[in-house]
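First up is the structure itself, then whatever we jot down about it.
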Amino acid sequence: MTDVLSHFLNPRNVGDADEPSFTGRSASLACGAHARLSIQIDERHRVSQARFRAAGCDVLVASASLLTERIAGLTTADAASLAQEPETLVGVIQHREHCPGLACDALLDAIREYSNAARDDWSGDEALICTCFFVSERTIEQTIQTQGLTTVREVTSACNAGGGCGSCHQLIQEILDTHDLP
Ligand code: FES
C-alpha cells in the first residue's frame, strides 16, 4: 500500500495538541478544503506533539498525517524548512499539487504563532540577530563556540536562529566568519 493510501485510510495524529499549543490554519478557495494543525513545543524549540484536523481530499489528509509524523522531534526551524518543500511529502501527484501545500501552510501558520508568542515574551536587552525567533547575538556566539559550529544550517538546528524568513543568515554567517579567524 502506498504511503498516501495508508495515511488516508488510517490517518495518524488526528485531533488537537495538548495545551499550551500553537495552531495554524489554511484553506483553499479553489476546492474548499481546509486544514488545522496544532503543535506543542518544548523548551529546546522542538515539536513535542503535532496533531491535525482536515476537511478535504485523500491527498490533503495523507499529507497532514505524514507531516505530523515527520516533524515530531524536529526544531521549529527544521519543521519550517520541511514545510517549505511540500512536494517531498507525498511526491508530485498531478492536479493535486496544492493539497500537500495546504497542510504545510497550516504548519507554517502554527510556527508563526509560536514565533509571535516568543516575541511577546521577549524582555531582554541584548542585540537580536534573529528577530523571527528572538535569538540574541550572545546566544549565537555561545552556541557556535560551545558546539564548534561552522555553518548557518548548524546554527539554525542548534538554536533556531535563521529558521524563519532567512533575513538574518548573512549576519549569522558574519559571526561564523569572525569565529573562523585565527
Ligand atoms: S530574522 Fe532570522 S529567520 Fe527571520
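Each chain in the C-alpha cells gets a letter, A, B, ..., in the order shown, and its residues are numbered from 1; ligands are numbered from 1 in order too.
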
Exercise. Kindly work out which residues sit at most 8 Å from ligand 1, using only C-alpha atoms and all ligand atoms, and give the list as a PyMOL selection string.
Key: chain A and resi 129-135+161-169

Quiz prompt | Residue contacts of His179 of chain A (10 Å, only C-alpha atoms) excluding same-chain residues fewer than 5 positions away, as an NGL selection string | solution = :A and (141 or 144-145 or 148-150 or 173-174)

Could you make a table, as a Markdown table, of the residues of segment 142-163 of chain A that have an atom within 12 Å of an atom of segment 72-86 of chain A, each with its nearest atom pair and distance in Å to one decimal, counting only C-alpha atoms, in chain and number order?
| residue | atom | partner | partner_atom | distance |
| --- | --- | --- | --- | --- |
| A:Val152 | CA | A:Ala77 | CA | 11.9 |
| A:Arg153 | CA | A:Asp78 | CA | 9.4 |
| A:Glu154 | CA | A:Asp78 | CA | 10.6 |
| A:Val155 | CA | A:Ala77 | CA | 10.3 |
| A:Thr156 | CA | A:Ala77 | CA | 6.6 |
| A:Ser157 | CA | A:Thr75 | CA | 6.7 |
| A:Ala158 | CA | A:Thr75 | CA | 8.4 |
| A:Cys159 | CA | A:Thr75 | CA | 8.6 |
| A:Asn160 | CA | A:Ala77 | CA | 5.4 |
| A:Ala161 | CA | A:Ala77 | CA | 7.8 |
| A:Gly162 | CA | A:Ala77 | CA | 7.4 |
| A:Gly163 | CA | A:Ala77 | CA | 4.0 |

Practice problem: Quick one: everything within 10 Å of segment 94-108 of chain A, counting only C-alpha atoms, minus sequence neighbours fewer than 2 positions away in the same chain. Send it as an MDAnalysis selection string. | Solution: chainID A and resid 22:28 30:31 33:39 50 52:54 56:68 71 76 79:92 110:114 164

Practice problem: List every residue of chain A that DSSP, applied to the backbone of this structure, assigns to helix (DSSP H, G or I), and report them as an NGL selection string. | Solution: :A and (3-9 or 58-71 or 76-83 or 87-90 or 98-121 or 137-147 or 152-159 or 169-180)

When DSSP is applied to the backbone of this structure, which of segment 17-181 of chain A are assigned strand (DSSP E)? Write them out as a tab-separated table (two decimals) with C-alpha atoms, in the first residue's frame.
chain	number	residue	atom	x	y	z
A	22	PHE	CA	0.13	26.79	18.78
A	23	THR	CA	-2.38	26.42	15.98
A	24	GLY	CA	-2.24	27.22	12.30
A	25	ARG	CA	-4.91	27.13	9.64
A	26	SER	CA	-5.07	27.07	5.87
A	27	ALA	CA	-7.80	26.87	3.28
A	34	HIS	CA	-9.19	23.36	4.89
A	35	ALA	CA	-6.67	22.17	7.44
A	36	ARG	CA	-5.80	22.96	11.03
A	37	LEU	CA	-2.53	21.87	12.58
A	38	SER	CA	-1.53	22.35	16.20
A	39	ILE	CA	1.88	21.83	17.74
A	40	GLN	CA	3.33	21.72	21.19
A	41	ILE	CA	6.91	22.97	21.54
A	47	VAL	CA	8.00	19.78	18.31
A	48	SER	CA	6.92	17.51	21.13
A	49	GLN	CA	3.42	16.93	19.76
A	50	ALA	CA	1.67	17.57	16.45
A	51	ARG	CA	-2.00	16.99	15.63
A	52	PHE	CA	-4.21	17.90	12.72
A	53	ARG	CA	-7.78	18.16	11.55
A	54	ALA	CA	-8.57	18.37	7.87
A	55	ALA	CA	-11.63	18.51	5.67
A	128	LEU	CA	18.94	40.47	18.49
A	129	ILE	CA	20.23	38.81	15.36
A	130	CYS	CA	17.22	36.65	14.54
A	135	VAL	CA	17.84	34.81	19.28
A	136	SER	CA	20.47	37.21	20.51

Quiz item: Of the residues A:Glu69, A:Thr146, A:Glu43, A:Asp109, which is the one nearest to His7 of chain A, using only C-alpha atoms?
Solution: A:Glu69

Quiz item: Could you work out how far atom CA of Glu19 of chain A lies from atom CA of Trp122 of chain A, giving the answer in Å with one decimal?
Solution: 20.6 Å
